[in-house]
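Enquirer: What follows is a structure written as C-alpha cells; I'll ask about it next.
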Amino acid sequence: MPLGVMRLFLLTALTMTAFAANSVLNRAAVGGTDMDPVTFGAVRLAAGAVMLAGLVAVQGRGFAPAGRGRIVGVGALLVYIFGFSLAYLSLDAGLGALILFGVVQVTMFAGALARREPVPGARWLGAGLGLTGLVWLLWPGGAVSVPIGHGALMVAAGIGWGVYSLQGQRERDATQATAMNFLLAAPVAVAGAWVFGAGAISGAGVTLAIVSGALTSGLGYALWYALIPALGAGRAAVAQLSVPVLALGGGMVVLGEPVTWRFVAAAALVLGGVLVSMRR
C-alpha cells in the first residue's frame, strides 16, 4: 500500500484499539466492580471533557458550539454512552459487541448511501467478510437469548455511535469538535446520574471510568473524528468491525482466557475484510 494509505491504516488500527479498550473497561467496571452504569457513563464523559478542554486550551483552538451540527453530535454521544453502559448489565460481552457494531455498520452504510458516497465492490466484500467473521466468533450454534430491553439499549447505542461518526465527516477541526461534544454532553450526563443513578460507586469503577473517558474515549474520539473524512463512511463502518475481535483478544490477555483456533480464524476473516475495504 502507498505510504499515505499505510499511515491511515495504522492510525485507524490505533483508534480501533482504543475503542476495544473502552469495551473492556466498561465491562470490568459495570460487571466486575458493580459500578452503577449511569454514574460510570457520567464520570467517563466528565473525564473526557476535562482532558479535551485542556488540550484545546493549550493548542489555542478556541471553543465554538457550531450550531445544529453540534446538537446532533452531543445527542448521539449521550445515546451511545448510556445505551452502551446500561446494555452490559445483562448482555454478555460477545453478543453485545455483535449487536453494537452490526448496527453501527448498517447505520453508517445507510448514511454513505444517503449522501451518495461511492461504495465500491471491494468495500461490500470487506464488509461481508468482516460480518461473517464476527458472526462465526460471537454467535455460535444454538439459540441465543437476548433480553429485549437491554438488546434495544445496545441497538440504540449502535445507532447513536453511527450517527456520531457520520457527523464527524462534517467537522473541520476534529479536536475542537470532540471537545465541544464532551463539554456540552458532560453536564447533561452528570445531571442524569444525579437523578437516575443507583448510587453504587466504587473506587475501582471510578478509576476505570476516568481512564476510559480521558484516554480511550476523549483522545480516541478526537483521533477518530480526524480520520473519518479520509476514510469515508463506508470504510469507517467496516473498520469498526475489528473492535469486537480486539475486545475479545484483550479479554483473553487481561482475564487469562485461552486463545482458540476459532478466535484466530475469525479474527483473520475480520481483519482481512478491513484490509480489503481499505484498499483504494
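Letters A, B, ... go to the chains of the C-alpha cells in the order shown; residues in each chain start at 1; ligands are counted from 1 in the same order.
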Which residues are close to Gly149 in chain A, i.e. within 12 Å by only C-alpha atoms, leaving aside same-chain residues fewer than 6 positions away? Reply as number ranges by chain.
Expert: A: 83, 86-91, 155-156
Enquirer: If you measure from CA of Met35 in chain A to CA of Val195 in chain A, what distance in Å do you get, rounded to one decimal?
Expert: 16.0 Å
Enquirer: Measuring between only C-alpha atoms, which one of A:Val5, A:Val72, A:Val43, A:Leu14 shows the shortest distance to Ser242 in chain A?
Expert: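 Distance minimum relative to Ser242 in chain A lands on A:Leu14.
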Enquirer: Please provide as number ranges by chain all residues within 10 Å of Arg170 in chain A, with the sequence filter that same-chain residues fewer than 5 positions apart are discarded (counting only C-alpha atoms).
Expert: A: 69, 165, 177, 225, 228-229
Enquirer: Taking all heavy atoms for each residue, export the selection above as a compact mmCIF listing (two decimals), in the first residue's frame.
Expert:
```txt
# COMPACT_ATOMS: atom_id res chain seq x y z
N GLY A 69 -25.27 21.19 14.03
CA GLY A 69 -24.40 20.02 13.94
C GLY A 69 -23.88 19.59 15.29
O GLY A 69 -23.73 18.39 15.56
N SER A 165 -20.43 9.19 14.34
CA SER A 165 -19.33 9.04 13.39
C SER A 165 -19.63 9.75 12.08
O SER A 165 -18.75 10.40 11.50
CB SER A 165 -19.07 7.55 13.14
OG SER A 165 -18.66 6.90 14.33
N ALA A 177 -14.07 19.91 17.79
CA ALA A 177 -15.41 19.35 17.73
C ALA A 177 -15.63 18.30 18.80
O ALA A 177 -16.67 18.28 19.47
CB ALA A 177 -15.65 18.74 16.34
N TYR A 225 -12.45 11.39 14.79
CA TYR A 225 -13.02 12.49 14.01
C TYR A 225 -12.03 13.00 12.97
O TYR A 225 -12.42 13.45 11.89
CB TYR A 225 -13.44 13.63 14.94
CG TYR A 225 -14.93 13.68 15.22
CD1 TYR A 225 -15.72 12.53 15.14
CD2 TYR A 225 -15.55 14.86 15.57
CE1 TYR A 225 -17.06 12.58 15.40
CE2 TYR A 225 -16.92 14.93 15.82
CZ TYR A 225 -17.67 13.77 15.74
OH TYR A 225 -19.02 13.81 15.99
N ILE A 228 -12.09 10.13 10.01
CA ILE A 228 -13.30 9.80 9.26
C ILE A 228 -13.37 10.49 7.90
O ILE A 228 -13.75 9.84 6.90
CB ILE A 228 -14.55 10.13 10.10
CG1 ILE A 228 -14.70 9.11 11.23
CG2 ILE A 228 -15.81 10.08 9.24
CD1 ILE A 228 -15.83 9.42 12.18
N PRO A 229 -13.02 11.79 7.77
CA PRO A 229 -13.09 12.38 6.43
C PRO A 229 -12.22 11.66 5.41
O PRO A 229 -12.59 11.56 4.24
CB PRO A 229 -12.60 13.82 6.67
CG PRO A 229 -12.94 14.10 8.09
CD PRO A 229 -12.70 12.80 8.80
```
Enquirer: Using Å and a single decimal, report how far CA of Gly4 in chain A sits from CA of Ala21 in chain A.
Expert: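 Pair CA of Ala21 in chain A / CA of Gly4 in chain A returns 25.9 Å.
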Enquirer: Measuring between only C-alpha atoms, which one of A:Gln176, A:Gly126, A:Ala20, A:Val74 shows the shortest distance to Val58 in chain A?
Expert: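 Checking each candidate against Val58 in chain A, we get A:Gln176 as the closest.
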Enquirer: Please indicate the distance in Å from CA of Val30 in chain A to CA of Gly197 in chain A, rounded to one decimal place.
Expert: 12.8 Å
Enquirer: Which polymer residues have any atom within 7 Å of an atom of range 171-175 of chain A, counting only C-alpha atoms, with same-chain residues fewer than 2 positions away left out, as a VMD selection string?
Expert: chain A and resid 168 to 169 177 to 179 222 225 to 226
Enquirer: Store the residues picked out above, limited to all heavy atoms, as a short mmCIF file (atom, residue, chain, number, x, y, z; two decimals), in the first residue's frame.
Expert:
```
data_model
loop_
_atom_site.label_atom_id
_atom_site.label_comp_id
_atom_site.auth_asym_id
_atom_site.auth_seq_id
_atom_site.Cartn_x
_atom_site.Cartn_y
_atom_site.Cartn_z
N GLY A 168 -18.99 13.32 12.24
CA GLY A 168 -17.57 13.64 12.21
C GLY A 168 -17.06 13.99 10.82
O GLY A 168 -16.06 14.71 10.69
N GLN A 169 -17.72 13.49 9.78
CA GLN A 169 -17.31 13.83 8.42
C GLN A 169 -17.50 15.31 8.11
O GLN A 169 -16.84 15.85 7.22
CB GLN A 169 -18.11 13.00 7.41
CG GLN A 169 -17.72 11.54 7.33
CD GLN A 169 -18.47 10.84 6.22
OE1 GLN A 169 -19.68 10.65 6.30
NE2 GLN A 169 -17.77 10.47 5.18
N ALA A 177 -14.07 19.91 17.79
CA ALA A 177 -15.41 19.35 17.73
C ALA A 177 -15.63 18.30 18.80
O ALA A 177 -16.67 18.28 19.47
CB ALA A 177 -15.65 18.74 16.34
N THR A 178 -14.64 17.41 18.99
CA THR A 178 -14.77 16.38 20.02
C THR A 178 -14.84 17.01 21.40
O THR A 178 -15.62 16.59 22.26
CB THR A 178 -13.59 15.40 19.94
OG1 THR A 178 -13.44 14.94 18.60
CG2 THR A 178 -13.83 14.20 20.85
N ALA A 179 -14.01 18.03 21.63
CA ALA A 179 -14.01 18.71 22.93
C ALA A 179 -15.37 19.34 23.22
O ALA A 179 -15.90 19.21 24.33
CB ALA A 179 -12.92 19.77 22.97
N ALA A 222 -11.23 12.00 19.40
CA ALA A 222 -10.66 13.12 18.65
C ALA A 222 -9.89 12.60 17.44
O ALA A 222 -9.99 13.14 16.32
CB ALA A 222 -9.76 13.95 19.55
N TYR A 225 -12.45 11.39 14.79
CA TYR A 225 -13.02 12.49 14.01
C TYR A 225 -12.03 13.00 12.97
O TYR A 225 -12.42 13.45 11.89
CB TYR A 225 -13.44 13.63 14.94
CG TYR A 225 -14.93 13.68 15.22
CD1 TYR A 225 -15.72 12.53 15.14
CD2 TYR A 225 -15.55 14.86 15.57
CE1 TYR A 225 -17.06 12.58 15.40
CE2 TYR A 225 -16.92 14.93 15.82
CZ TYR A 225 -17.67 13.77 15.74
OH TYR A 225 -19.02 13.81 15.99
N ALA A 226 -10.73 12.94 13.28
CA ALA A 226 -9.72 13.37 12.32
C ALA A 226 -9.58 12.38 11.17
O ALA A 226 -9.25 12.78 10.04
CB ALA A 226 -8.37 13.55 13.02
#
```
Enquirer: Write out as a PDB file with all heavy atoms, in the first residue's frame the set of residues from range 16-47 of chain A that DSSP, computed on the backbone, places in alpha helix (DSSP H).
Expert:
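What ended up in states-v6.pdb:
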```pdb
ATOM      1  N   MET A  16      -9.132   1.887  16.687  1.00  0.00           N
ATOM      2  CA  MET A  16      -9.963   0.727  16.976  1.00  0.00           C
ATOM      3  C   MET A  16      -9.517   0.044  18.270  1.00  0.00           C
ATOM      4  O   MET A  16     -10.342  -0.483  19.027  1.00  0.00           O
ATOM      5  CB  MET A  16      -9.900  -0.273  15.815  1.00  0.00           C
ATOM      6  CG  MET A  16     -10.452   0.235  14.487  1.00  0.00           C
ATOM      7  SD  MET A  16     -12.156   0.837  14.572  1.00  0.00           S
ATOM      8  CE  MET A  16     -11.890   2.622  14.624  1.00  0.00           C
ATOM      9  N   THR A  17      -8.211   0.068  18.541  1.00  0.00           N
ATOM     10  CA  THR A  17      -7.708  -0.491  19.797  1.00  0.00           C
ATOM     11  C   THR A  17      -8.236   0.300  20.984  1.00  0.00           C
ATOM     12  O   THR A  17      -8.605  -0.265  22.025  1.00  0.00           O
ATOM     13  CB  THR A  17      -6.171  -0.490  19.806  1.00  0.00           C
ATOM     14  OG1 THR A  17      -5.691  -1.238  18.678  1.00  0.00           O
ATOM     15  CG2 THR A  17      -5.629  -1.114  21.079  1.00  0.00           C
ATOM     16  N   ALA A  18      -8.303   1.632  20.837  1.00  0.00           N
ATOM     17  CA  ALA A  18      -8.870   2.463  21.900  1.00  0.00           C
ATOM     18  C   ALA A  18     -10.343   2.138  22.114  1.00  0.00           C
ATOM     19  O   ALA A  18     -10.821   2.056  23.249  1.00  0.00           O
ATOM     20  CB  ALA A  18      -8.693   3.949  21.563  1.00  0.00           C
ATOM     21  N   PHE A  19     -11.078   1.938  21.022  1.00  0.00           N
ATOM     22  CA  PHE A  19     -12.495   1.586  21.145  1.00  0.00           C
ATOM     23  C   PHE A  19     -12.665   0.242  21.861  1.00  0.00           C
ATOM     24  O   PHE A  19     -13.554   0.078  22.699  1.00  0.00           O
ATOM     25  CB  PHE A  19     -13.142   1.506  19.764  1.00  0.00           C
ATOM     26  CG  PHE A  19     -13.290   2.834  19.073  1.00  0.00           C
ATOM     27  CD1 PHE A  19     -13.759   2.900  17.767  1.00  0.00           C
ATOM     28  CD2 PHE A  19     -12.949   4.010  19.704  1.00  0.00           C
ATOM     29  CE1 PHE A  19     -13.902   4.115  17.116  1.00  0.00           C
ATOM     30  CE2 PHE A  19     -13.080   5.242  19.077  1.00  0.00           C
ATOM     31  CZ  PHE A  19     -13.554   5.292  17.775  1.00  0.00           C
ATOM     32  N   ALA A  20     -11.807  -0.720  21.509  1.00  0.00           N
ATOM     33  CA  ALA A  20     -11.881  -2.027  22.160  1.00  0.00           C
ATOM     34  C   ALA A  20     -11.566  -1.905  23.649  1.00  0.00           C
ATOM     35  O   ALA A  20     -12.196  -2.565  24.489  1.00  0.00           O
ATOM     36  CB  ALA A  20     -10.909  -2.992  21.490  1.00  0.00           C
ATOM     37  N   ALA A  21     -10.602  -1.044  23.986  1.00  0.00           N
ATOM     38  CA  ALA A  21     -10.272  -0.831  25.398  1.00  0.00           C
ATOM     39  C   ALA A  21     -11.468  -0.264  26.150  1.00  0.00           C
ATOM     40  O   ALA A  21     -11.694  -0.599  27.327  1.00  0.00           O
ATOM     41  CB  ALA A  21      -9.074   0.104  25.513  1.00  0.00           C
ATOM     42  N   ASN A  22     -12.265   0.582  25.502  1.00  0.00           N
ATOM     43  CA  ASN A  22     -13.476   1.096  26.143  1.00  0.00           C
ATOM     44  C   ASN A  22     -14.419  -0.033  26.534  1.00  0.00           C
ATOM     45  O   ASN A  22     -15.022  -0.019  27.609  1.00  0.00           O
ATOM     46  CB  ASN A  22     -14.197   2.072  25.207  1.00  0.00           C
ATOM     47  CG  ASN A  22     -13.633   3.473  25.284  1.00  0.00           C
ATOM     48  OD1 ASN A  22     -13.182   3.910  26.339  1.00  0.00           O
ATOM     49  ND2 ASN A  22     -13.649   4.176  24.172  1.00  0.00           N
ATOM     50  N   SER A  23     -14.568  -1.011  25.654  1.00  0.00           N
ATOM     51  CA  SER A  23     -15.441  -2.144  25.959  1.00  0.00           C
ATOM     52  C   SER A  23     -14.925  -2.914  27.166  1.00  0.00           C
ATOM     53  O   SER A  23     -15.694  -3.289  28.065  1.00  0.00           O
ATOM     54  CB  SER A  23     -15.538  -3.071  24.740  1.00  0.00           C
ATOM     55  OG  SER A  23     -16.192  -2.431  23.660  1.00  0.00           O
ATOM     56  N   VAL A  24     -13.617  -3.164  27.188  1.00  0.00           N
ATOM     57  CA  VAL A  24     -13.027  -3.919  28.302  1.00  0.00           C
ATOM     58  C   VAL A  24     -13.180  -3.141  29.609  1.00  0.00           C
ATOM     59  O   VAL A  24     -13.552  -3.708  30.648  1.00  0.00           O
ATOM     60  CB  VAL A  24     -11.540  -4.215  28.010  1.00  0.00           C
ATOM     61  CG1 VAL A  24     -10.879  -4.878  29.212  1.00  0.00           C
ATOM     62  CG2 VAL A  24     -11.403  -5.117  26.781  1.00  0.00           C
ATOM     63  N   LEU A  25     -12.908  -1.836  29.576  1.00  0.00           N
ATOM     64  CA  LEU A  25     -13.016  -1.020  30.779  1.00  0.00           C
ATOM     65  C   LEU A  25     -14.456  -0.945  31.283  1.00  0.00           C
ATOM     66  O   LEU A  25     -14.716  -1.018  32.491  1.00  0.00           O
ATOM     67  CB  LEU A  25     -12.485   0.385  30.503  1.00  0.00           C
ATOM     68  CG  LEU A  25     -10.973   0.491  30.251  1.00  0.00           C
ATOM     69  CD1 LEU A  25     -10.618   1.868  29.700  1.00  0.00           C
ATOM     70  CD2 LEU A  25     -10.194   0.200  31.517  1.00  0.00           C
ATOM     71  N   ASN A  26     -15.405  -0.789  30.345  1.00  0.00           N
ATOM     72  CA  ASN A  26     -16.814  -0.703  30.741  1.00  0.00           C
ATOM     73  C   ASN A  26     -17.282  -2.012  31.365  1.00  0.00           C
ATOM     74  O   ASN A  26     -17.951  -2.020  32.408  1.00  0.00           O
ATOM     75  CB  ASN A  26     -17.668  -0.366  29.521  1.00  0.00           C
ATOM     76  CG  ASN A  26     -19.035   0.186  29.883  1.00  0.00           C
ATOM     77  OD1 ASN A  26     -19.484   1.182  29.336  1.00  0.00           O
ATOM     78  ND2 ASN A  26     -19.712  -0.470  30.810  1.00  0.00           N
ATOM     79  N   ARG A  27     -16.927  -3.128  30.750  1.00  0.00           N
ATOM     80  CA  ARG A  27     -17.328  -4.430  31.292  1.00  0.00           C
ATOM     81  C   ARG A  27     -16.696  -4.670  32.656  1.00  0.00           C
ATOM     82  O   ARG A  27     -17.320  -5.207  33.562  1.00  0.00           O
ATOM     83  CB  ARG A  27     -16.935  -5.546  30.319  1.00  0.00           C
ATOM     84  CG  ARG A  27     -17.759  -5.561  29.045  1.00  0.00           C
ATOM     85  CD  ARG A  27     -17.660  -6.904  28.352  1.00  0.00           C
ATOM     86  NE  ARG A  27     -16.298  -7.246  27.992  1.00  0.00           N
ATOM     87  CZ  ARG A  27     -15.731  -6.964  26.825  1.00  0.00           C
ATOM     88  NH1 ARG A  27     -16.417  -6.306  25.912  1.00  0.00           N
ATOM     89  NH2 ARG A  27     -14.497  -7.330  26.562  1.00  0.00           N
ATOM     90  N   PRO A  37     -24.021   1.871  36.133  1.00  0.00           N
ATOM     91  CA  PRO A  37     -23.688   2.202  34.746  1.00  0.00           C
ATOM     92  C   PRO A  37     -23.955   3.653  34.371  1.00  0.00           C
ATOM     93  O   PRO A  37     -23.227   4.229  33.559  1.00  0.00           O
ATOM     94  CB  PRO A  37     -24.561   1.245  33.927  1.00  0.00           C
ATOM     95  CG  PRO A  37     -25.661   0.844  34.842  1.00  0.00           C
ATOM     96  CD  PRO A  37     -25.058   0.836  36.208  1.00  0.00           C
ATOM     97  N   VAL A  38     -25.005   4.265  34.942  1.00  0.00           N
ATOM     98  CA  VAL A  38     -25.290   5.671  34.644  1.00  0.00           C
ATOM     99  C   VAL A  38     -24.184   6.555  35.211  1.00  0.00           C
ATOM    100  O   VAL A  38     -23.693   7.475  34.549  1.00  0.00           O
ATOM    101  CB  VAL A  38     -26.667   6.078  35.201  1.00  0.00           C
ATOM    102  CG1 VAL A  38     -26.916   7.561  34.977  1.00  0.00           C
ATOM    103  CG2 VAL A  38     -27.770   5.254  34.558  1.00  0.00           C
ATOM    104  N   THR A  39     -23.751   6.273  36.424  1.00  0.00           N
ATOM    105  CA  THR A  39     -22.668   7.036  37.032  1.00  0.00           C
ATOM    106  C   THR A  39     -21.363   6.814  36.278  1.00  0.00           C
ATOM    107  O   THR A  39     -20.586   7.753  36.084  1.00  0.00           O
ATOM    108  CB  THR A  39     -22.491   6.632  38.510  1.00  0.00           C
ATOM    109  OG1 THR A  39     -23.735   6.804  39.191  1.00  0.00           O
ATOM    110  CG2 THR A  39     -21.423   7.471  39.178  1.00  0.00           C
ATOM    111  N   PHE A  40     -21.121   5.585  35.850  1.00  0.00           N
ATOM    112  CA  PHE A  40     -19.922   5.293  35.070  1.00  0.00           C
ATOM    113  C   PHE A  40     -19.901   6.144  33.799  1.00  0.00           C
ATOM    114  O   PHE A  40     -18.879   6.744  33.461  1.00  0.00           O
ATOM    115  CB  PHE A  40     -19.876   3.815  34.700  1.00  0.00           C
ATOM    116  CG  PHE A  40     -18.673   3.436  33.880  1.00  0.00           C
ATOM    117  CD1 PHE A  40     -17.494   3.042  34.484  1.00  0.00           C
ATOM    118  CD2 PHE A  40     -18.717   3.469  32.490  1.00  0.00           C
ATOM    119  CE1 PHE A  40     -16.380   2.697  33.733  1.00  0.00           C
ATOM    120  CE2 PHE A  40     -17.616   3.135  31.733  1.00  0.00           C
ATOM    121  CZ  PHE A  40     -16.439   2.744  32.354  1.00  0.00           C
ATOM    122  N   GLY A  41     -21.026   6.192  33.091  1.00  0.00           N
ATOM    123  CA  GLY A  41     -21.095   6.988  31.866  1.00  0.00           C
ATOM    124  C   GLY A  41     -20.866   8.462  32.125  1.00  0.00           C
ATOM    125  O   GLY A  41     -20.188   9.148  31.351  1.00  0.00           O
ATOM    126  N   ALA A  42     -21.414   8.975  33.235  1.00  0.00           N
ATOM    127  CA  ALA A  42     -21.251  10.391  33.565  1.00  0.00           C
ATOM    128  C   ALA A  42     -19.796  10.717  33.888  1.00  0.00           C
ATOM    129  O   ALA A  42     -19.243  11.729  33.420  1.00  0.00           O
ATOM    130  CB  ALA A  42     -22.150  10.764  34.740  1.00  0.00           C
ATOM    131  N   VAL A  43     -19.148   9.870  34.694  1.00  0.00           N
ATOM    132  CA  VAL A  43     -17.741  10.094  35.027  1.00  0.00           C
ATOM    133  C   VAL A  43     -16.878   9.984  33.775  1.00  0.00           C
ATOM    134  O   VAL A  43     -15.928  10.765  33.577  1.00  0.00           O
ATOM    135  CB  VAL A  43     -17.279   9.088  36.099  1.00  0.00           C
ATOM    136  CG1 VAL A  43     -15.778   9.216  36.354  1.00  0.00           C
ATOM    137  CG2 VAL A  43     -18.044   9.301  37.397  1.00  0.00           C
ATOM    138  N   ARG A  44     -17.199   9.042  32.929  1.00  0.00           N
ATOM    139  CA  ARG A  44     -16.457   8.869  31.679  1.00  0.00           C
ATOM    140  C   ARG A  44     -16.525  10.132  30.818  1.00  0.00           C
ATOM    141  O   ARG A  44     -15.507  10.603  30.298  1.00  0.00           O
ATOM    142  CB  ARG A  44     -17.032   7.669  30.928  1.00  0.00           C
ATOM    143  CG  ARG A  44     -16.396   7.365  29.588  1.00  0.00           C
ATOM    144  CD  ARG A  44     -17.109   6.180  28.941  1.00  0.00           C
ATOM    145  NE  ARG A  44     -16.643   5.957  27.576  1.00  0.00           N
ATOM    146  CZ  ARG A  44     -17.201   5.087  26.732  1.00  0.00           C
ATOM    147  NH1 ARG A  44     -18.233   4.356  27.127  1.00  0.00           N
ATOM    148  NH2 ARG A  44     -16.737   4.942  25.513  1.00  0.00           N
ATOM    149  N   LEU A  45     -17.716  10.688  30.659  1.00  0.00           N
ATOM    150  CA  LEU A  45     -17.871  11.906  29.862  1.00  0.00           C
ATOM    151  C   LEU A  45     -17.182  13.099  30.525  1.00  0.00           C
ATOM    152  O   LEU A  45     -16.539  13.912  29.846  1.00  0.00           O
ATOM    153  CB  LEU A  45     -19.352  12.212  29.662  1.00  0.00           C
ATOM    154  CG  LEU A  45     -20.040  11.488  28.501  1.00  0.00           C
ATOM    155  CD1 LEU A  45     -21.538  11.752  28.531  1.00  0.00           C
ATOM    156  CD2 LEU A  45     -19.458  11.908  27.160  1.00  0.00           C
ATOM    157  N   ALA A  46     -17.306  13.224  31.847  1.00  0.00           N
ATOM    158  CA  ALA A  46     -16.687  14.345  32.548  1.00  0.00           C
ATOM    159  C   ALA A  46     -15.168  14.291  32.429  1.00  0.00           C
ATOM    160  O   ALA A  46     -14.507  15.321  32.200  1.00  0.00           O
ATOM    161  CB  ALA A  46     -17.104  14.339  34.017  1.00  0.00           C
ATOM    162  N   ALA A  47     -14.589  13.099  32.557  1.00  0.00           N
ATOM    163  CA  ALA A  47     -13.139  12.963  32.443  1.00  0.00           C
ATOM    164  C   ALA A  47     -12.675  13.304  31.036  1.00  0.00           C
ATOM    165  O   ALA A  47     -11.638  13.970  30.845  1.00  0.00           O
ATOM    166  CB  ALA A  47     -12.723  11.536  32.807  1.00  0.00           C
TER     167      ALA A  47
END
```
